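**Q** Handing you this structure, nothing more for now.
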Amino acid sequence: MRALAAEIVFIFSLQGATFHEDVLPILEKRCQRCHRPGEAARPFLTYRDVRPWAKAIREAVLSRKMPPWFAESGSVRFANDPRPSDAEIAAIDAWVRAGAPEGKPSPSPPVHWTAAWNIPPPDLRLAMPEPVRVPARGELKYQFIILPLNLTEDRWVRAAEIRPGAREAVHHVVAYIREPAHDWLRDAPAGKPFSHAGTTTSDILALYAPGQQPMTCLPGMAKKIPAGSDLVLQIHYTPAGRVLEDRTSIGLVWARHAPDKRVLTLQIAATELRIPPGERDHRVSASGTLPNDCLLLGLFPHMHLRGKAFEYAVIEPGGRVETLLRVAPYDFYWQLCYQLATPLLLSKGTRLRVTAWYDNSPNNPRNPDPTAEVAYGEQSTEEMMVGFFDVAVPAGMDKAAFFVR
Ligand code: HEC
């Protein structure tokens with residue numbers, strides 16, 4: 001009875017729902033990260049921006065299409081789960097059904113998105129020295145650009161953000177940290193884009209892909225850039241129907257103190273893919289045993305257009321299996337990272353298993369060719385199976401040392 005009374009009061013309180021009082025705070029908190037000038041989606045800042053889209057907004061939140069999020073609810077909670085609460089959805093619903101009134105502007109001013117960056121003002125900003133011209137059509141090989149940092153001492157990075165220039169044509173960007181002892185791409189000139197294929201063991205500093213949030217570390221943790229390192233950008237351009245010029249930039253925020261823990265990005269991948277033509281539910285699994293203790297921070301599944309679902313599970317030394325994340329449906333057009341609300345200690349000897357499912361049938365509307373047998377490859381018409389995961393290790397440990405058993 002008391003619950004019912006509370007509900008009635010709640011419904012009554014929404015009857016006079018207005019844009020300024022009830023809806024704007026939700027948009028600020030849940031939507032404007034992407035829905036503002038300079039970001040991926042149309043601005044939802046003012047009443048004027050939002051009014052014509054009121055019904056679409058109601059529809060998008062009721063159907064949970066927006067904000068994008070694909071983790072099935074399980075025991076693990078994620079720090080970056082953007083989904084509005086039931087009360088927030090009810091407030092938007094009530095507002096639209098009341099005719100989407102504006103109401104009086106609230107005395108506290110709206111969030112003012114001044115900076116272009118979604119991280120604190122960067123200590124170091126780098127941009128590609130010259131723009132890359134992206135043709136209107138066709139497929140492009142991955143482009144690489146080496147950006148020298150000229151650091152004379154080690155630096156710890158607590159946040160980093162990659163900002164694409166021509167967003168429409170930038171499918172993804174990965175910024176690698178090439179340490180001075182690393183031979184990778186040593187013969188290539190700095191500052192000039194070139195194409196290249198192949199993999200590296202260099203740590204990833206940050207990446208950009210649709211829906212990705214910037215790299216930010218928890219207090220006491222950071223990514224390390226050893227003195228003498230370069231950044232290497234790997235950019236996948238996908239022509240957008242008109243010629244565009246891209247000059248992508250990256251901003252880095254230094255940690256103020258040396259951290260206790262170093263953050264590393266690791267991956268488990270299957271490169272021997274063979275997805276038969278027409279197959280509706282092709283399953284691929286790969287696993288790795290952790291050579292040392294680490295704290296698991298985040299998960300980032302990656303597949304292409306035939307990707308259907310993706311799962312991470314830990315198999316403890318005793319054999320107990322725990323599913324950490326199940327992404328279903330997987331959506332190639334949203335490449336999201338799932339950050340654990342509470343970092344999880346994985347002890348040495350724990351097996352981490354990633355499983356991917358592919359739909360290569362004609363029922364998959366995104367399937368470029370259901371008659372093809374699909375193998376591993378960089379282009380979206382080929383497939384990938386990579387389970388990236390971020391871990392924290394003692395600050396003095398690097399990737400090589402982590403893999404010493
Ligand atoms: C991670 C970025 C992101 C967040 C967060 C986000 N959106 Fe979106 N939204 C997009 C993008 C990009 C599009 C346009 C392309 C598309 O539909 O795929 C879009 C499209 C829409 C559309 C359709 C309008 C159109 O242009 O076709 C609506 C309505 C919408 N979003 C509502 C919301 C609401 C409401 C929220 C917050 C509760 C929200 N979105 C949060 C990125 C985002």
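Here's how to read the names in the structure tokens: chain A, B, ... by the order shown, residue numbers from 1 in each chain, ligand numbers from 1 in the order shown.
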Distance limit 9 Å, reference ligand 1, atoms considered: only C-alpha atoms and all ligand atoms. Which residues make the cut? Give them as a ChimeraX atom specification.

**A** /A:26-35,39-44,53-61,64-69,82-84,88-89,92,210-213,333-334,336

**Q** When DSSP works through the backbone of this structure, what residues of range 138-255 of chain A end up as strand (DSSP E or B), shown as a short mmCIF file (atom, residue, chain, number, x, y, z; two decimals) with all heavy atoms, in the first residue's frame?

**A**
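The file below, states35.cif, is the result:
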```
data_model
loop_
_atom_site.label_atom_id
_atom_site.label_comp_id
_atom_site.auth_asym_id
_atom_site.auth_seq_id
_atom_site.Cartn_x
_atom_site.Cartn_y
_atom_site.Cartn_z
N GLN A 143 45.98 3.45 -42.41
CA GLN A 143 47.03 4.47 -42.52
C GLN A 143 47.73 4.59 -41.16
O GLN A 143 47.08 4.55 -40.11
CB GLN A 143 46.42 5.83 -42.88
CG GLN A 143 45.75 5.85 -44.24
CD GLN A 143 46.75 5.68 -45.37
OE1 GLN A 143 47.72 6.43 -45.48
NE2 GLN A 143 46.53 4.67 -46.20
N PHE A 144 49.04 4.75 -41.20
CA PHE A 144 49.82 4.92 -39.97
C PHE A 144 50.51 6.28 -40.01
O PHE A 144 50.98 6.70 -41.07
CB PHE A 144 50.88 3.81 -39.84
CG PHE A 144 50.27 2.49 -39.47
CD1 PHE A 144 49.64 1.71 -40.42
CD2 PHE A 144 50.33 2.02 -38.16
CE1 PHE A 144 49.06 0.50 -40.07
CE2 PHE A 144 49.75 0.80 -37.81
CZ PHE A 144 49.12 0.04 -38.76
N ILE A 145 50.56 6.94 -38.87
CA ILE A 145 51.28 8.22 -38.77
C ILE A 145 52.06 8.21 -37.47
O ILE A 145 51.48 7.98 -36.40
CB ILE A 145 50.30 9.42 -38.80
CG1 ILE A 145 49.64 9.49 -40.19
CG2 ILE A 145 51.03 10.74 -38.55
CD1 ILE A 145 48.22 9.72 -40.14
N ILE A 146 53.35 8.45 -37.57
CA ILE A 146 54.18 8.47 -36.37
C ILE A 146 54.27 9.90 -35.85
O ILE A 146 54.61 10.82 -36.61
CB ILE A 146 55.60 7.93 -36.69
CG1 ILE A 146 55.47 6.48 -37.17
CG2 ILE A 146 56.52 8.02 -35.47
CD1 ILE A 146 56.73 5.87 -37.70
N LEU A 147 53.93 10.09 -34.59
CA LEU A 147 54.01 11.43 -33.98
C LEU A 147 55.08 11.38 -32.88
O LEU A 147 54.85 10.79 -31.82
CB LEU A 147 52.66 11.82 -33.37
CG LEU A 147 51.46 11.88 -34.32
CD1 LEU A 147 50.18 12.18 -33.54
CD2 LEU A 147 51.67 12.94 -35.40
N PRO A 148 56.24 11.99 -33.11
CA PRO A 148 57.28 11.99 -32.09
C PRO A 148 56.84 12.82 -30.89
O PRO A 148 56.16 13.83 -31.04
CB PRO A 148 58.48 12.65 -32.79
CG PRO A 148 58.15 12.66 -34.24
CD PRO A 148 56.66 12.69 -34.34
N ARG A 155 56.63 9.66 -18.64
CA ARG A 155 55.41 10.38 -18.30
C ARG A 155 54.31 9.39 -18.00
O ARG A 155 54.21 8.35 -18.64
CB ARG A 155 54.95 11.25 -19.47
CG ARG A 155 55.78 12.48 -19.69
CD ARG A 155 55.51 13.46 -18.58
NE ARG A 155 56.12 14.75 -18.89
CZ ARG A 155 55.93 15.83 -18.15
NH1 ARG A 155 55.16 15.79 -17.10
NH2 ARG A 155 56.52 16.96 -18.48
N TRP A 156 53.46 9.76 -17.06
CA TRP A 156 52.27 8.96 -16.74
C TRP A 156 51.05 9.71 -17.22
O TRP A 156 50.88 10.89 -16.91
CB TRP A 156 52.20 8.73 -15.23
CG TRP A 156 53.28 7.81 -14.73
CD1 TRP A 156 54.47 8.17 -14.17
CD2 TRP A 156 53.26 6.38 -14.74
NE1 TRP A 156 55.19 7.05 -13.83
CE2 TRP A 156 54.47 5.93 -14.17
CE3 TRP A 156 52.33 5.42 -15.19
CZ2 TRP A 156 54.78 4.58 -14.03
CZ3 TRP A 156 52.63 4.08 -15.04
CH2 TRP A 156 53.84 3.67 -14.46
N VAL A 157 50.20 9.04 -17.96
CA VAL A 157 49.03 9.68 -18.56
C VAL A 157 47.78 9.20 -17.84
O VAL A 157 47.54 8.00 -17.75
CB VAL A 157 48.93 9.29 -20.05
CG1 VAL A 157 47.73 9.96 -20.70
CG2 VAL A 157 50.20 9.65 -20.78
N ARG A 158 46.99 10.14 -17.32
CA ARG A 158 45.77 9.70 -16.63
C ARG A 158 44.52 9.83 -17.49
O ARG A 158 43.47 9.27 -17.16
CB ARG A 158 45.60 10.44 -15.30
CG ARG A 158 45.26 11.90 -15.41
CD ARG A 158 45.08 12.50 -14.02
NE ARG A 158 45.00 13.94 -14.09
CZ ARG A 158 43.83 14.61 -14.09
NH1 ARG A 158 42.70 13.98 -14.02
NH2 ARG A 158 43.85 15.93 -14.14
N ALA A 159 44.63 10.59 -18.59
CA ALA A 159 43.49 10.67 -19.51
C ALA A 159 44.02 10.98 -20.91
O ALA A 159 45.03 11.68 -21.05
CB ALA A 159 42.51 11.74 -19.07
N ALA A 160 43.37 10.46 -21.91
CA ALA A 160 43.75 10.75 -23.30
C ALA A 160 42.50 10.69 -24.17
O ALA A 160 41.62 9.86 -23.94
CB ALA A 160 44.79 9.74 -23.78
N GLU A 161 42.45 11.58 -25.14
CA GLU A 161 41.29 11.60 -26.05
C GLU A 161 41.75 11.83 -27.48
O GLU A 161 42.56 12.73 -27.73
CB GLU A 161 40.32 12.72 -25.64
CG GLU A 161 39.08 12.77 -26.53
CD GLU A 161 38.06 13.82 -26.08
OE1 GLU A 161 38.26 14.47 -25.03
OE2 GLU A 161 37.06 13.98 -26.81
N ILE A 162 41.23 11.02 -28.36
CA ILE A 162 41.50 11.19 -29.79
C ILE A 162 40.30 11.88 -30.41
O ILE A 162 39.16 11.45 -30.18
CB ILE A 162 41.72 9.83 -30.46
CG1 ILE A 162 42.95 9.13 -29.86
CG2 ILE A 162 41.85 9.98 -31.97
CD1 ILE A 162 43.12 7.69 -30.31
N ARG A 163 40.55 12.97 -31.14
CA ARG A 163 39.45 13.67 -31.81
C ARG A 163 39.65 13.62 -33.31
O ARG A 163 40.59 14.20 -33.83
CB ARG A 163 39.34 15.12 -31.33
CG ARG A 163 39.00 15.19 -29.84
CD ARG A 163 38.37 16.49 -29.46
NE ARG A 163 37.16 16.80 -30.21
CZ ARG A 163 35.92 16.46 -29.81
NH1 ARG A 163 35.73 15.77 -28.73
NH2 ARG A 163 34.89 16.81 -30.52
N VAL A 170 36.22 8.80 -40.58
CA VAL A 170 37.15 8.12 -39.67
C VAL A 170 36.41 6.99 -38.98
O VAL A 170 35.54 7.22 -38.14
CB VAL A 170 37.74 9.10 -38.63
CG1 VAL A 170 38.66 8.36 -37.66
CG2 VAL A 170 38.50 10.22 -39.33
N HIS A 171 36.75 5.79 -39.36
CA HIS A 171 36.07 4.64 -38.78
C HIS A 171 36.63 4.32 -37.41
O HIS A 171 35.90 4.10 -36.45
CB HIS A 171 36.24 3.46 -39.73
CG HIS A 171 35.75 2.18 -39.15
ND1 HIS A 171 36.55 1.35 -38.42
CD2 HIS A 171 34.53 1.63 -39.17
CE1 HIS A 171 35.83 0.31 -38.03
NE2 HIS A 171 34.61 0.46 -38.46
N HIS A 172 37.96 4.29 -37.31
CA HIS A 172 38.56 4.15 -35.98
C HIS A 172 40.00 4.64 -35.99
O HIS A 172 40.63 4.74 -37.04
CB HIS A 172 38.47 2.71 -35.45
CG HIS A 172 39.48 1.77 -36.04
ND1 HIS A 172 39.13 0.65 -36.75
CD2 HIS A 172 40.84 1.78 -36.01
CE1 HIS A 172 40.23 0.02 -37.13
NE2 HIS A 172 41.28 0.68 -36.69
N VAL A 173 40.49 4.97 -34.81
CA VAL A 173 41.89 5.38 -34.63
C VAL A 173 42.42 4.65 -33.39
O VAL A 173 41.75 4.63 -32.36
CB VAL A 173 42.02 6.90 -34.37
CG1 VAL A 173 43.49 7.31 -34.28
CG2 VAL A 173 41.30 7.71 -35.43
N VAL A 174 43.60 4.08 -33.53
CA VAL A 174 44.27 3.51 -32.35
C VAL A 174 45.59 4.26 -32.18
O VAL A 174 46.33 4.44 -33.14
CB VAL A 174 44.57 2.01 -32.53
CG1 VAL A 174 45.18 1.43 -31.25
CG2 VAL A 174 43.30 1.24 -32.89
N ALA A 175 45.86 4.75 -30.97
CA ALA A 175 47.14 5.39 -30.69
C ALA A 175 47.99 4.41 -29.88
O ALA A 175 47.63 4.04 -28.77
CB ALA A 175 46.93 6.68 -29.90
N TYR A 176 49.10 3.97 -30.50
CA TYR A 176 50.02 3.05 -29.82
C TYR A 176 51.18 3.83 -29.22
O TYR A 176 51.59 4.88 -29.75
CB TYR A 176 50.62 2.06 -30.83
CG TYR A 176 49.64 1.07 -31.39
CD1 TYR A 176 49.04 1.29 -32.64
CD2 TYR A 176 49.32 -0.09 -30.71
CE1 TYR A 176 48.14 0.38 -33.18
CE2 TYR A 176 48.42 -1.02 -31.24
CZ TYR A 176 47.84 -0.77 -32.47
OH TYR A 176 46.96 -1.67 -33.00
N ILE A 177 51.75 3.29 -28.15
CA ILE A 177 52.95 3.85 -27.56
C ILE A 177 54.13 3.01 -28.06
O ILE A 177 54.27 1.85 -27.67
CB ILE A 177 52.90 3.77 -26.01
CG1 ILE A 177 51.65 4.47 -25.48
CG2 ILE A 177 54.18 4.34 -25.40
CD1 ILE A 177 51.34 4.15 -24.02
N ARG A 178 54.95 3.58 -28.95
CA ARG A 178 56.12 2.84 -29.42
C ARG A 178 57.31 3.21 -28.55
O ARG A 178 57.81 4.33 -28.61
CB ARG A 178 56.43 3.14 -30.89
CG ARG A 178 57.61 2.29 -31.37
CD ARG A 178 57.92 2.51 -32.80
NE ARG A 178 58.41 3.87 -33.05
CZ ARG A 178 58.79 4.30 -34.24
NH1 ARG A 178 58.71 3.51 -35.30
NH2 ARG A 178 59.23 5.53 -34.39
N PHE A 194 51.40 6.57 -44.02
CA PHE A 194 51.78 5.47 -44.92
C PHE A 194 50.88 4.29 -44.59
O PHE A 194 50.30 4.23 -43.50
CB PHE A 194 53.26 5.11 -44.75
CG PHE A 194 53.64 4.72 -43.34
CD1 PHE A 194 53.66 3.39 -42.95
CD2 PHE A 194 53.96 5.70 -42.39
CE1 PHE A 194 54.00 3.04 -41.64
CE2 PHE A 194 54.29 5.36 -41.08
CZ PHE A 194 54.31 4.02 -40.70
N SER A 195 50.76 3.37 -45.55
CA SER A 195 49.92 2.20 -45.25
C SER A 195 50.80 1.04 -44.86
O SER A 195 51.98 0.97 -45.22
CB SER A 195 49.02 1.87 -46.43
OG SER A 195 49.81 1.55 -47.54
N ASP A 203 51.92 -1.12 -26.51
CA ASP A 203 50.71 -0.90 -25.72
C ASP A 203 49.83 0.16 -26.41
O ASP A 203 50.33 1.06 -27.07
CB ASP A 203 51.07 -0.45 -24.30
CG ASP A 203 49.90 -0.60 -23.33
OD1 ASP A 203 48.98 -1.40 -23.61
OD2 ASP A 203 49.90 0.09 -22.29
N ILE A 204 48.53 0.02 -26.21
CA ILE A 204 47.59 1.00 -26.75
C ILE A 204 47.40 2.10 -25.71
O ILE A 204 47.14 1.81 -24.54
CB ILE A 204 46.24 0.32 -27.07
CG1 ILE A 204 46.42 -0.65 -28.25
CG2 ILE A 204 45.16 1.34 -27.37
CD1 ILE A 204 45.19 -1.49 -28.56
N LEU A 205 47.53 3.35 -26.13
CA LEU A 205 47.29 4.46 -25.20
C LEU A 205 45.81 4.81 -25.17
O LEU A 205 45.21 5.00 -24.12
CB LEU A 205 48.11 5.68 -25.63
CG LEU A 205 47.84 6.95 -24.82
CD1 LEU A 205 48.31 6.79 -23.39
CD2 LEU A 205 48.52 8.16 -25.47
N ALA A 206 45.22 4.92 -26.36
CA ALA A 206 43.82 5.33 -26.44
C ALA A 206 43.28 4.89 -27.77
O ALA A 206 44.05 4.64 -28.71
CB ALA A 206 43.71 6.85 -26.32
N LEU A 207 41.96 4.79 -27.87
CA LEU A 207 41.39 4.56 -29.18
C LEU A 207 40.10 5.34 -29.37
O LEU A 207 39.44 5.71 -28.42
CB LEU A 207 41.23 3.07 -29.50
CG LEU A 207 40.62 2.11 -28.51
CD1 LEU A 207 39.13 2.09 -28.72
CD2 LEU A 207 41.19 0.73 -28.75
N TYR A 208 39.81 5.59 -30.64
CA TYR A 208 38.57 6.27 -30.99
C TYR A 208 37.77 5.33 -31.89
O TYR A 208 38.32 4.74 -32.82
CB TYR A 208 38.84 7.58 -31.76
CG TYR A 208 37.59 8.05 -32.46
CD1 TYR A 208 36.63 8.77 -31.77
CD2 TYR A 208 37.33 7.69 -33.78
CE1 TYR A 208 35.43 9.12 -32.38
CE2 TYR A 208 36.14 8.05 -34.40
CZ TYR A 208 35.20 8.76 -33.70
OH TYR A 208 34.02 9.09 -34.29
N MET A 215 39.94 7.74 -22.91
CA MET A 215 40.65 6.91 -21.94
C MET A 215 40.82 7.72 -20.66
O MET A 215 41.39 8.82 -20.69
CB MET A 215 42.01 6.55 -22.54
CG MET A 215 42.83 5.52 -21.82
SD MET A 215 43.58 5.98 -20.24
CE MET A 215 44.97 6.96 -20.78
N THR A 216 40.28 7.22 -19.57
CA THR A 216 40.51 7.89 -18.29
C THR A 216 40.85 6.81 -17.26
O THR A 216 40.29 5.72 -17.29
CB THR A 216 39.26 8.63 -17.78
OG1 THR A 216 38.15 7.76 -17.87
CG2 THR A 216 38.98 9.88 -18.58
N MET A 221 46.12 5.25 -10.78
CA MET A 221 46.48 4.42 -11.93
C MET A 221 46.77 5.32 -13.13
O MET A 221 46.22 6.42 -13.22
CB MET A 221 45.33 3.50 -12.32
CG MET A 221 44.94 2.52 -11.26
SD MET A 221 43.63 1.43 -11.88
CE MET A 221 43.21 0.58 -10.37
N ALA A 222 47.64 4.87 -14.04
CA ALA A 222 47.92 5.65 -15.24
C ALA A 222 48.58 4.76 -16.28
O ALA A 222 49.06 3.67 -15.98
CB ALA A 222 48.83 6.84 -14.90
N LYS A 223 48.59 5.26 -17.52
CA LYS A 223 49.32 4.61 -18.61
C LYS A 223 50.70 5.24 -18.66
O LYS A 223 50.83 6.45 -18.49
CB LYS A 223 48.60 4.86 -19.94
CG LYS A 223 47.35 4.04 -20.10
CD LYS A 223 47.51 3.11 -21.28
CE LYS A 223 46.41 2.08 -21.35
NZ LYS A 223 46.77 0.96 -22.23
N LYS A 224 51.71 4.43 -18.93
CA LYS A 224 53.07 4.97 -18.93
C LYS A 224 53.56 5.22 -20.35
O LYS A 224 53.39 4.37 -21.23
CB LYS A 224 53.99 3.97 -18.24
CG LYS A 224 55.40 4.51 -18.07
CD LYS A 224 56.26 3.51 -17.33
CE LYS A 224 57.65 4.08 -17.07
NZ LYS A 224 58.47 3.15 -16.29
N ILE A 225 54.18 6.39 -20.53
CA ILE A 225 54.91 6.65 -21.78
C ILE A 225 56.37 6.82 -21.42
O ILE A 225 56.78 7.87 -20.89
CB ILE A 225 54.40 7.92 -22.51
CG1 ILE A 225 52.89 7.85 -22.73
CG2 ILE A 225 55.13 8.07 -23.85
CD1 ILE A 225 52.34 9.00 -23.56
N ASP A 230 57.46 7.22 -29.11
CA ASP A 230 56.65 7.95 -30.09
C ASP A 230 55.22 7.45 -29.99
O ASP A 230 54.98 6.33 -29.54
CB ASP A 230 57.12 7.63 -31.52
CG ASP A 230 58.58 7.97 -31.73
OD1 ASP A 230 58.98 9.09 -31.36
OD2 ASP A 230 59.32 7.11 -32.26
N LEU A 231 54.29 8.28 -30.43
CA LEU A 231 52.93 7.77 -30.62
C LEU A 231 52.81 7.34 -32.07
O LEU A 231 53.30 8.02 -32.98
CB LEU A 231 51.88 8.85 -30.35
CG LEU A 231 51.69 9.28 -28.89
CD1 LEU A 231 50.49 10.21 -28.79
CD2 LEU A 231 51.51 8.07 -27.98
N VAL A 232 52.17 6.21 -32.29
CA VAL A 232 51.88 5.76 -33.65
C VAL A 232 50.37 5.67 -33.78
O VAL A 232 49.72 4.94 -33.03
CB VAL A 232 52.52 4.38 -33.94
CG1 VAL A 232 52.18 3.93 -35.35
CG2 VAL A 232 54.04 4.44 -33.75
N LEU A 233 49.83 6.48 -34.69
CA LEU A 233 48.37 6.42 -34.93
C LEU A 233 48.10 5.43 -36.05
O LEU A 233 48.75 5.47 -37.09
CB LEU A 233 47.81 7.78 -35.35
CG LEU A 233 47.97 8.97 -34.42
CD1 LEU A 233 47.21 10.17 -34.99
CD2 LEU A 233 47.46 8.64 -33.02
N GLN A 234 47.14 4.56 -35.81
CA GLN A 234 46.64 3.68 -36.87
C GLN A 234 45.22 4.16 -37.16
O GLN A 234 44.39 4.20 -36.26
CB GLN A 234 46.62 2.23 -36.37
CG GLN A 234 46.07 1.24 -37.37
CD GLN A 234 45.31 0.10 -36.69
OE1 GLN A 234 44.27 0.30 -36.07
NE2 GLN A 234 45.85 -1.09 -36.76
N ILE A 235 44.98 4.56 -38.41
CA ILE A 235 43.66 5.12 -38.73
C ILE A 235 43.01 4.31 -39.85
O ILE A 235 43.64 4.04 -40.88
CB ILE A 235 43.75 6.60 -39.18
CG1 ILE A 235 44.57 7.41 -38.16
CG2 ILE A 235 42.36 7.19 -39.33
CD1 ILE A 235 44.58 8.90 -38.41
N HIS A 236 41.77 3.92 -39.62
CA HIS A 236 41.01 3.27 -40.67
C HIS A 236 40.01 4.29 -41.21
O HIS A 236 39.10 4.70 -40.51
CB HIS A 236 40.28 2.04 -40.09
CG HIS A 236 39.55 1.24 -41.12
ND1 HIS A 236 38.69 0.21 -40.82
CD2 HIS A 236 39.53 1.32 -42.47
CE1 HIS A 236 38.20 -0.30 -41.93
NE2 HIS A 236 38.69 0.37 -42.94
N TYR A 237 40.24 4.67 -42.46
CA TYR A 237 39.33 5.60 -43.11
C TYR A 237 38.31 4.81 -43.91
O TYR A 237 38.66 3.87 -44.63
CB TYR A 237 40.09 6.52 -44.06
CG TYR A 237 40.95 7.54 -43.33
CD1 TYR A 237 42.34 7.45 -43.35
CD2 TYR A 237 40.36 8.59 -42.65
CE1 TYR A 237 43.13 8.39 -42.68
CE2 TYR A 237 41.13 9.54 -41.97
CZ TYR A 237 42.51 9.42 -42.00
OH TYR A 237 43.26 10.35 -41.34
N LEU A 244 36.98 14.06 -48.46
CA LEU A 244 37.13 14.77 -47.19
C LEU A 244 38.60 14.83 -46.81
O LEU A 244 39.40 14.02 -47.26
CB LEU A 244 36.36 14.02 -46.09
CG LEU A 244 34.84 14.12 -46.16
CD1 LEU A 244 34.20 13.06 -45.29
CD2 LEU A 244 34.36 15.50 -45.73
N GLU A 245 38.94 15.83 -46.01
CA GLU A 245 40.30 15.92 -45.50
C GLU A 245 40.26 15.72 -44.00
O GLU A 245 39.47 16.36 -43.30
CB GLU A 245 40.89 17.29 -45.82
CG GLU A 245 41.09 17.49 -47.30
CD GLU A 245 42.29 18.37 -47.60
OE1 GLU A 245 42.52 19.33 -46.83
OE2 GLU A 245 42.99 18.10 -48.59
N ASP A 246 41.11 14.85 -43.51
CA ASP A 246 41.11 14.58 -42.07
C ASP A 246 42.43 14.99 -41.43
O ASP A 246 43.50 14.70 -41.94
CB ASP A 246 40.89 13.09 -41.80
CG ASP A 246 41.06 12.79 -40.31
OD1 ASP A 246 40.27 13.34 -39.53
OD2 ASP A 246 41.99 12.05 -39.94
N SER A 249 43.46 14.69 -34.10
CA SER A 249 44.36 15.14 -33.04
C SER A 249 44.16 14.30 -31.78
O SER A 249 43.17 13.58 -31.64
CB SER A 249 44.16 16.63 -32.76
OG SER A 249 42.80 16.89 -32.52
N ILE A 250 45.12 14.42 -30.88
CA ILE A 250 45.06 13.67 -29.62
C ILE A 250 45.52 14.58 -28.49
O ILE A 250 46.45 15.38 -28.67
CB ILE A 250 45.88 12.36 -29.71
CG1 ILE A 250 45.85 11.59 -28.38
CG2 ILE A 250 47.32 12.60 -30.14
CD1 ILE A 250 46.35 10.16 -28.47
N GLY A 251 44.84 14.49 -27.36
CA GLY A 251 45.20 15.28 -26.18
C GLY A 251 45.54 14.34 -25.03
O GLY A 251 44.87 13.33 -24.84
N LEU A 252 46.59 14.69 -24.28
CA LEU A 252 47.04 13.87 -23.15
C LEU A 252 47.04 14.69 -21.87
O LEU A 252 47.46 15.84 -21.87
CB LEU A 252 48.46 13.34 -23.37
CG LEU A 252 48.80 12.71 -24.72
CD1 LEU A 252 50.24 12.21 -24.71
CD2 LEU A 252 47.87 11.57 -25.03
N VAL A 253 46.56 14.09 -20.79
CA VAL A 253 46.59 14.75 -19.48
C VAL A 253 47.54 13.96 -18.59
O VAL A 253 47.37 12.74 -18.41
CB VAL A 253 45.18 14.77 -18.83
CG1 VAL A 253 45.22 15.51 -17.50
CG2 VAL A 253 44.16 15.40 -19.77
N TRP A 254 48.56 14.63 -18.08
CA TRP A 254 49.55 13.95 -17.22
C TRP A 254 48.95 13.68 -15.84
O TRP A 254 48.18 14.49 -15.32
CB TRP A 254 50.81 14.80 -17.03
CG TRP A 254 51.53 15.29 -18.24
CD1 TRP A 254 52.06 16.54 -18.39
CD2 TRP A 254 51.85 14.58 -19.45
NE1 TRP A 254 52.68 16.65 -19.63
CE2 TRP A 254 52.55 15.46 -20.29
CE3 TRP A 254 51.59 13.29 -19.92
CZ2 TRP A 254 53.02 15.10 -21.56
CZ3 TRP A 254 52.05 12.93 -21.18
CH2 TRP A 254 52.75 13.82 -21.98
#
```

**Q** Using DSSP on the backbone coordinates, identify all residues within range 27-265 of chain A classified as alpha helix (DSSP H); present the result as a list in words.

**A**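 Secondary structure check on range 27-265 of chain A, alpha helix (DSSP H): Leu27, Glu28, Lys29, Arg30, Tyr47, Arg48, Asp49, Val50, Ala54, Lys55, Ala56, Ile57, Arg58, Glu59, Ala60, Val61, Leu62, Asp86, Ala87, Glu88, Ile89, Ala90, Ala91, Ile92, Asp93, Ala94, Trp95, Val96 and Arg97 of chain A.
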
**Q** Ranking A:Leu151, A:Phe70, A:Ala395, A:Pro214 by minimum distance to Asp331 in chain A and counting only C-alpha atoms, which one comes first?

**A** A:Phe70

**Q** What lies within 7 Å of range 310-323 of chain A using only C-alpha atoms, ignoring chain neighbours under 4 positions off, as a list in words?

**A**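 Within the cut-off, the hits are Pro301, Val327, Ala328, Tyr330, Gly349, Thr350, Arg351, Leu352, Arg353, Val354, Thr355, Ala356 and Trp357 of chain A.
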
**Q** Hey, what's within 9 Å of Ala17 in chain A if we count only C-alpha atoms and toss same-chain stuff fewer than 6 positions away? As JSON, numbers by chain, please?

**A** {"A": [23, 91, 92, 94, 95, 96, 98, 100, 101, 102, 103]}

**Q** Any chance you could export the current selection's N, CA and C atoms as a short mmCIF file (atom, residue, chain, number, x, y, z; two decimals), in the first residue's frame?

**A**
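Result file again_22.cif:
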```
data_model
loop_
_atom_site.label_atom_id
_atom_site.label_comp_id
_atom_site.auth_asym_id
_atom_site.auth_seq_id
_atom_site.Cartn_x
_atom_site.Cartn_y
_atom_site.Cartn_z
N VAL A 23 13.38 17.64 -17.96
CA VAL A 23 13.99 16.91 -19.08
C VAL A 23 15.45 17.33 -19.31
N ALA A 91 9.86 10.30 -16.70
CA ALA A 91 9.79 11.77 -16.76
C ALA A 91 9.74 12.24 -18.21
N ILE A 92 10.56 11.66 -19.06
CA ILE A 92 10.56 12.05 -20.48
C ILE A 92 9.22 11.67 -21.11
N ALA A 94 6.31 11.33 -19.63
CA ALA A 94 5.24 12.21 -19.12
C ALA A 94 5.31 13.58 -19.79
N TRP A 95 6.51 14.06 -19.98
CA TRP A 95 6.70 15.38 -20.60
C TRP A 95 6.17 15.38 -22.04
N VAL A 96 6.50 14.35 -22.79
CA VAL A 96 6.07 14.30 -24.19
C VAL A 96 4.55 14.14 -24.25
N ALA A 98 2.47 15.24 -22.20
CA ALA A 98 1.84 16.51 -21.80
C ALA A 98 2.00 17.59 -22.87
N ALA A 100 5.00 18.33 -24.40
CA ALA A 100 6.39 18.81 -24.39
C ALA A 100 6.52 20.30 -24.07
N PRO A 101 5.90 20.77 -22.94
CA PRO A 101 5.97 22.20 -22.60
C PRO A 101 7.38 22.64 -22.18
N GLU A 102 7.64 23.92 -22.42
CA GLU A 102 8.98 24.43 -22.11
C GLU A 102 9.16 24.70 -20.61
N GLY A 103 8.21 25.37 -19.98
CA GLY A 103 8.35 25.73 -18.57
C GLY A 103 9.32 26.89 -18.42
#
```

**Q** Between CA of Trp117 in chain A and CA of Pro180 in chain A, what is the distance in Å, rounded to a tenth?

**A** 28.9 Å
